[in-house]
$ cat work07.txt   # compact mmCIF, C-alpha atoms and all ligand atoms
# COMPACT_ATOMS: atom_id res chain seq x y z
CA MET N 252 0.00 0.00 0.00
CA LYS N 253 1.31 3.46 -0.93
CA ASN N 254 2.24 5.56 2.11
CA ASN N 255 0.68 8.97 2.52
CA ALA N 256 3.13 11.89 2.07
CA SER N 257 2.43 12.96 5.66
CA ASP N 258 3.53 9.59 7.01
CA ILE N 259 7.03 9.38 5.50
CA MET N 260 9.62 11.27 7.54
CA LEU N 261 13.07 12.45 6.45
CA ASN N 262 15.93 14.16 8.24
CA VAL N 263 16.59 17.40 6.38
CA VAL N 264 19.41 19.90 6.86
CA GLU N 265 18.03 22.64 4.60
CA ILE N 266 15.87 23.43 1.58
CA PHE N 267 16.80 26.39 -0.57
CA HIS N 268 16.64 27.83 -4.05
CA SER N 269 19.82 28.83 -5.89
CA ILE N 270 21.58 28.21 -9.15
CA GLN N 271 23.45 24.97 -9.66
CA GLY N 272 27.01 26.14 -9.06
CA GLU N 273 28.95 23.19 -10.46
CA GLY N 274 28.93 20.34 -12.93
CA ALA N 275 27.29 20.13 -16.33
CA ASN N 276 24.10 21.89 -15.12
CA VAL N 277 26.00 24.94 -13.89
CA GLY N 278 23.94 28.13 -13.97
CA ARG N 279 20.55 26.40 -13.96
CA SER N 280 17.88 27.40 -11.49
CA ALA N 281 17.36 24.70 -8.89
CA VAL N 282 15.79 23.87 -5.57
CA PHE N 283 18.14 21.92 -3.32
CA VAL N 284 17.00 19.53 -0.61
CA ARG N 285 19.96 18.71 1.59
CA LEU N 286 19.39 15.47 3.49
CA SER N 287 21.34 14.76 6.65
CA ASN N 288 23.96 12.10 7.36
CA CYS N 289 26.79 10.69 5.33
CA ASN N 290 28.59 7.35 5.24
CA MET N 291 31.96 8.99 4.51
CA ASP N 292 34.11 11.51 6.36
CA CYS N 293 36.12 13.43 3.76
CA TRP N 294 38.66 15.89 5.14
CA TYR N 295 37.57 18.55 2.63
CA CYS N 296 33.83 18.20 3.29
CA ASP N 297 32.22 21.64 3.09
CA THR N 298 28.67 20.73 4.10
CA TYR N 299 27.14 20.53 7.54
CA TRP N 300 25.14 17.34 7.25
CA ASN N 301 24.90 16.50 10.95
CA LYS N 302 22.23 18.95 12.00
CA ALA N 303 18.76 17.93 10.94
CA GLU N 304 15.12 18.70 11.25
CA THR N 305 12.63 15.87 10.83
CA MET N 306 10.13 16.72 8.11
CA SER N 307 7.37 14.79 6.41
CA VAL N 308 7.42 14.36 2.66
CA SER N 309 4.36 16.58 2.40
CA GLN N 310 6.14 19.37 4.36
CA ILE N 311 9.17 19.03 2.08
CA ARG N 312 6.94 19.18 -0.99
CA ASP N 313 5.31 22.38 0.31
CA GLU N 314 8.72 23.97 0.89
CA VAL N 315 9.91 22.94 -2.58
CA ARG N 316 6.75 24.36 -4.19
CA LYS N 317 7.19 27.69 -2.42
CA ARG N 318 10.56 27.98 -4.21
CA SER N 319 9.78 26.52 -7.64
CA LYS N 320 6.43 25.85 -9.27
CA PRO N 321 6.33 22.69 -11.37
CA LYS N 322 5.11 24.65 -14.41
CA ASP N 323 8.16 24.53 -16.61
CA TYR N 324 9.07 20.86 -16.42
CA PRO N 325 11.73 19.62 -17.17
CA ASN N 326 13.58 22.85 -16.43
CA ASN N 327 12.76 22.97 -12.75
CA LEU N 328 15.62 21.02 -11.24
CA LEU N 329 15.07 19.48 -7.85
CA ILE N 330 18.49 18.48 -6.55
CA TRP N 331 18.65 15.92 -3.75
CA THR N 332 21.98 16.41 -2.05
CA GLY N 333 23.64 15.86 1.30
CA GLY N 334 25.46 14.42 3.09
CA GLU N 335 24.69 11.28 1.14
CA PRO N 336 21.07 11.36 -0.07
CA THR N 337 20.87 7.64 -0.93
CA LEU N 338 20.86 6.92 2.81
CA GLN N 339 17.25 8.19 2.92
CA LEU N 340 15.87 8.74 -0.56
CA THR N 341 13.66 6.05 -2.10
CA ASP N 342 11.45 5.66 -5.15
CA GLU N 343 8.43 5.79 -2.86
CA ILE N 344 9.47 9.29 -1.78
CA LEU N 345 10.26 10.41 -5.32
CA GLU N 346 6.77 9.42 -6.44
CA HIS N 347 5.60 12.52 -4.57
CA PHE N 348 7.92 14.74 -6.62
CA SER N 349 7.16 13.36 -10.08
CA ASP N 350 6.36 16.85 -11.44
CA TYR N 351 9.99 17.90 -10.91
CA TYR N 352 13.16 16.95 -12.74
CA ASN N 353 14.79 14.92 -9.96
CA CYS N 354 18.58 15.04 -9.77
CA ILE N 355 20.89 13.52 -7.19
CA GLU N 356 24.38 14.37 -5.99
CA THR N 357 25.84 11.14 -4.63
CA ASN N 358 29.20 9.85 -3.47
CA GLY N 359 28.76 6.57 -5.39
CA THR N 360 28.60 4.24 -2.39
CA ASN N 361 25.03 3.09 -3.13
CA PRO N 362 22.80 2.63 -6.19
CA VAL N 363 20.31 5.48 -6.66
CA PRO N 364 16.49 5.14 -6.83
CA SER N 365 15.25 4.43 -10.36
CA ARG N 366 13.06 7.56 -10.45
CA ILE N 367 16.14 9.80 -10.38
CA GLN N 368 16.50 11.45 -13.80
CA TYR N 369 19.97 12.97 -13.49
CA ILE N 370 22.86 11.40 -11.58
CA SER N 371 25.82 13.50 -10.61
CA CYS N 372 28.35 11.25 -8.92
CA SER N 373 31.30 12.67 -7.00
CA PRO N 374 32.97 9.35 -6.26
CA LYS N 375 34.45 8.53 -2.87
CA VAL N 376 34.88 4.85 -3.80
CA GLY N 377 36.91 3.05 -6.45
CA PRO N 378 35.83 2.07 -9.98
CA GLU N 379 34.94 -1.49 -8.93
CA VAL N 380 32.23 -0.27 -6.53
CA LEU N 381 31.03 2.29 -9.08
CA ARG N 382 30.64 -0.42 -11.73
CA LYS N 383 28.63 -2.48 -9.27
CA ASN N 384 26.30 0.41 -8.41
CA PHE N 385 25.83 2.04 -11.84
CA THR N 386 25.62 1.05 -15.48
CA ARG N 387 25.77 4.73 -16.40
CA VAL N 388 25.56 8.15 -14.79
CA ASN N 389 25.09 11.61 -16.27
CA GLU N 390 28.26 13.08 -14.82
CA PHE N 391 31.23 12.08 -12.77
CA ARG N 392 32.56 15.04 -10.86
CA TYR N 393 35.82 14.17 -9.14
CA PRO N 394 37.16 16.46 -6.44
CA ILE N 395 40.82 16.96 -7.23
CA SER N 396 43.67 18.46 -5.26
CA ALA N 397 47.29 18.84 -6.26
CA GLY N 398 48.96 15.46 -6.66
CA ASN N 399 45.74 13.38 -6.84
CA LYS N 400 45.56 10.49 -9.31
CA LEU N 401 42.25 9.75 -11.00
CA PRO N 402 41.08 6.42 -12.45
CA ASP N 403 41.23 5.87 -16.17
CA ILE N 404 37.89 6.63 -17.87
CA SER N 405 37.86 3.11 -19.31
CA GLU N 406 37.52 1.74 -15.74
CA LEU N 407 34.42 3.86 -14.98
CA PRO N 408 30.77 3.32 -15.87
CA GLU N 409 29.65 5.28 -18.92
CA ALA N 410 28.95 9.00 -18.37
CA GLU N 411 28.02 12.00 -20.50
CA TYR N 412 30.50 14.20 -18.68
CA TYR N 413 33.74 13.53 -16.84
CA LEU N 414 34.58 16.53 -14.69
CA VAL N 415 37.29 17.50 -12.26
CA SER N 416 36.46 19.96 -9.51
CA PRO N 417 39.43 21.54 -7.70
CA VAL N 418 39.00 21.33 -3.95
CA PHE N 419 37.99 24.85 -3.06
CA LEU N 420 37.68 25.68 0.60
CA GLY N 421 38.02 28.49 3.07
CA GLU N 422 41.41 29.39 4.49
CA GLU N 423 41.03 27.38 7.68
CA LYS N 424 40.67 24.10 5.77
CA THR N 425 43.27 24.73 3.11
CA ARG N 426 46.21 25.26 5.41
CA PHE N 427 47.84 22.17 3.88
CA GLN N 428 47.20 23.09 0.30
CA ARG N 429 46.49 26.33 -1.51
CA VAL N 430 43.34 26.52 -3.65
CA GLU N 431 45.41 27.99 -6.49
CA GLU N 432 47.62 24.88 -6.54
CA ASN N 433 44.55 22.67 -6.91
CA ILE N 434 43.19 24.79 -9.78
CA GLU N 435 46.56 24.81 -11.57
CA TYR N 436 46.85 21.06 -11.14
CA ALA N 437 43.29 20.50 -12.46
CA ILE N 438 43.95 22.68 -15.53
CA LYS N 439 47.15 20.78 -16.28
CA PHE N 440 45.31 17.48 -15.80
CA VAL N 441 42.55 18.53 -18.25
CA SER N 442 45.07 19.74 -20.84
CA GLU N 443 46.81 16.35 -20.68
CA ASN N 444 43.54 14.35 -20.51
CA PRO N 445 41.07 16.23 -22.72
CA ARG N 446 38.10 13.90 -22.18
CA TRP N 447 37.94 15.49 -18.73
CA ARG N 448 36.57 19.00 -18.20
CA LEU N 449 37.16 21.56 -15.49
CA SER N 450 34.23 22.31 -13.15
CA LEU N 451 34.66 25.23 -10.79
CA GLN N 452 32.39 25.78 -7.82
CA LEU N 453 30.78 28.96 -9.09
CA HIS N 454 28.58 29.36 -6.02
CA LYS N 455 31.69 29.70 -3.88
CA LEU N 456 33.16 32.30 -6.22
CA LEU N 457 29.85 34.22 -6.14
CA ASN N 458 29.40 33.63 -2.43
CA ILE N 459 25.86 32.30 -2.82
CA PRO N 460 24.34 29.14 -1.28
S1 LIG H 501 30.92 12.15 0.74
FE1 LIG H 501 30.45 14.31 0.36
S2 LIG H 501 29.03 14.91 2.03
FE2 LIG H 501 30.04 12.97 2.63
S3 LIG H 501 31.80 13.60 3.87
FE3 LIG H 501 32.51 13.36 1.75
S4 LIG H 501 32.34 15.41 0.84
FE4 LIG H 501 31.10 15.42 2.71
$ encode --input "work07.txt" --output "structure tokens"
Amino acid sequence: MKNNASDIMLNVVEIFHSIQGEGANVGRSAVFVRLSNCNMDCWYCDTYWNKAETMSVSQIRDEVRKRSKPKDYPNNLLIWTGGEPTLQLTDEILEHFSDYYNCIETNGTNPVPSRIQYISCSPKVGPEVLRKNFTRVNEFRYPISAGNKLPDISELPEAEYYLVSPVFLGEEKTRFQRVEENIEYAIKFVSENPRWRLSLQLHKLLNIP
């Protein structure tokens, strides 16, 4: 039996409207739902996924609708992000958002629900796990800092876009490595490996959410 939207509860960090600041959809208007919790602990993590408010799916849907009306489908991106959204998101939940273009930002540790229409994977696991979890994704977006090695594209599931995103953090977190070094390294990497593209975190440059 299908659960009512008021009965399904999720732990949510925040819901906000902005532009997508990175990846192949950069510059597009989007509503972000940031779900709490993650199964990784990356040193460069720039999101606060621990704090959470428990919300029902119907409350989340109301908040999403306040920020974007589903009138211009498929242009209204609804981006499920985290933390790691696959820890909570299911097809049953996504059924209640079928009038949006549902995208996910995932770390690649779990398969994503089948109702997701756009997969952006920023892998924190190796190619073997990625091949197990995905036959294809829309984009791989690898965080890269100076000296990092990336897997060969032939080892990865198929993707439309292969992107590198220089680790770009505030001063207190970059004491070991300067942002500029990461950008220089990423540009050199792309020039030597032209199937990869550079993705900068525009929202950080613009200082928007
Ligand atoms: S996988 Fe993403 S959200 Fe989780 S700790 Fe790493 S950077 Fe942060």
$ closest_atom_pairs --input "work07.txt" --of "segment 323-356 of chain N" --to "segment 260-275 of chain N" --cutoff "10 Å" --atoms "only C-alpha atoms" --output "Markdown table"
| residue | atom | partner | partner_atom | distance |
| --- | --- | --- | --- | --- |
| N:Leu328 | CA | N:Gln271 | CA | 8.9 |
| N:Leu329 | CA | N:His268 | CA | 9.3 |
| N:Ile330 | CA | N:Gln271 | CA | 8.7 |
| N:Trp331 | CA | N:Ile266 | CA | 9.6 |
| N:Thr332 | CA | N:Val264 | CA | 9.9 |
| N:Gly333 | CA | N:Val264 | CA | 8.1 |
| N:Gly334 | CA | N:Val264 | CA | 9.0 |
| N:Pro336 | CA | N:Val263 | CA | 9.9 |
| N:Gln339 | CA | N:Leu261 | CA | 6.9 |
| N:Leu340 | CA | N:Leu261 | CA | 8.4 |
| N:Ile344 | CA | N:Leu261 | CA | 9.5 |
$ write_last_selection --input "work07.txt" --atoms "C-alpha atoms" --output "short mmCIF file (atom, residue, chain, number, x, y, z; two decimals), keeping the file's coordinate frame"
data_model
loop_
_atom_site.label_atom_id
_atom_site.label_comp_id
_atom_site.auth_asym_id
_atom_site.auth_seq_id
_atom_site.Cartn_x
_atom_site.Cartn_y
_atom_site.Cartn_z
CA LEU N 328 15.62 21.02 -11.24
CA LEU N 329 15.07 19.48 -7.85
CA ILE N 330 18.49 18.48 -6.55
CA TRP N 331 18.65 15.92 -3.75
CA THR N 332 21.98 16.41 -2.05
CA GLY N 333 23.64 15.86 1.30
CA GLY N 334 25.46 14.42 3.09
CA PRO N 336 21.07 11.36 -0.07
CA GLN N 339 17.25 8.19 2.92
CA LEU N 340 15.87 8.74 -0.56
CA ILE N 344 9.47 9.29 -1.78
#
$ closest_residue --input "work07.txt" --among "N:Gly278, N:Pro362, N:Pro394, N:Gly377" --to "Glu406 of chain N" --atoms "only C-alpha atoms"
N:Gly377
$ residues_near_point --input "work07.txt" --point "(12.0, 24.1, -11.1)" --cutoff "6 Å" --atoms "all atoms listed in the file" --output "PDB file with C-alpha atoms, keeping the file's coordinate frame"
ATOM      1  CA  ALA N 281      17.360  24.700  -8.890  1.00  0.00           C
ATOM      2  CA  SER N 319       9.780  26.520  -7.640  1.00  0.00           C
ATOM      3  CA  PRO N 321       6.330  22.690 -11.370  1.00  0.00           C
ATOM      4  CA  ASN N 326      13.580  22.850 -16.430  1.00  0.00           C
ATOM      5  CA  ASN N 327      12.760  22.970 -12.750  1.00  0.00           C
ATOM      6  CA  LEU N 328      15.620  21.020 -11.240  1.00  0.00           C
TER       7      LEU N 328
END
$ atom_distance --input "work07.txt" --atom1 "atom FE4 of ligand LIG 501 (chain H)" --atom2 "atom CA of Ser371 of chain N"
14.5 Å
$ closest_residue --input "work07.txt" --among "N:Asn276, N:Asn361, N:Ser257, N:Asn399" --to "His347 of chain N" --atoms "all atoms listed in the file"
N:Ser257
$ axis_aligned_box --input "work07.txt" --around "segment 263-266 of chain N" --padding-each-side "3 Å" --output "JSON"
{"center_x": 17.6, "center_y": 20.4, "center_z": 4.2, "size_x": 9.5, "size_y": 12.0, "size_z": 11.3}
$ closest_atom_pairs --input "work07.txt" --of "chain N" --to "ligand LIG 501 (chain H)" --cutoff "7 Å" --atoms "all atoms listed in the file" --output "CSV"
residue,atom,partner,partner_atom,distance
N:Cys289,CA,H:LIG501,FE2,4.8
N:Asn290,CA,H:LIG501,FE2,6.4
N:Met291,CA,H:LIG501,S3,4.7
N:Asp292,CA,H:LIG501,S3,4.0
N:Cys293,CA,H:LIG501,FE3,4.1
N:Tyr295,CA,H:LIG501,S4,6.4
N:Cys296,CA,H:LIG501,FE4,3.9
N:Asp297,CA,H:LIG501,FE4,6.3
N:Thr298,CA,H:LIG501,FE4,6.0
N:Trp300,CA,H:LIG501,S2,6.9
N:Gly333,CA,H:LIG501,S2,5.5
N:Gly334,CA,H:LIG501,S2,3.8
N:Glu335,CA,H:LIG501,S2,5.7
N:Asn358,CA,H:LIG501,S1,5.1
N:Lys375,CA,H:LIG501,S1,6.2
$ closest_residue --input "work07.txt" --among "N:Ala303, N:Ile311, N:Ala437, N:Ile259" --to "Gly398 of chain N" --atoms "only C-alpha atoms"
N:Ala437
$ atom_distance --input "work07.txt" --atom1 "atom CA of Val441 of chain N" --atom2 "atom CA of Ile395 of chain N"
11.3 Å
$ closest_residue --input "work07.txt" --among "N:Asn444, N:Val363, N:Glu435, N:Pro417" --to "Pro402 of chain N" --atoms "only C-alpha atoms"
N:Asn444
$ residues_near_point --input "work07.txt" --point "(29.9, 10.6, -11.3)" --cutoff "10 Å" --atoms "only C-alpha atoms" --output "list in words"
Gly274, Glu356, Thr357, Asn358, Gly359, Ile370, Ser371, Cys372, Ser373, Pro374, Lys375, Leu381, Phe385, Arg387, Val388, Asn389, Glu390, Phe391, Arg392, Tyr393, Leu407, Pro408, Glu409, Ala410, Glu411, Tyr412, Tyr413 and Leu414 of chain N
$ atom_distance --input "work07.txt" --atom1 "atom CA of Phe283 of chain N" --atom2 "atom CA of Leu456 of chain N"
18.5 Å
$ closest_residue --input "work07.txt" --among "N:Leu345, N:Val418, N:Val430, N:Ile459" --to "Trp294 of chain N" --atoms "only C-alpha atoms"
N:Val418
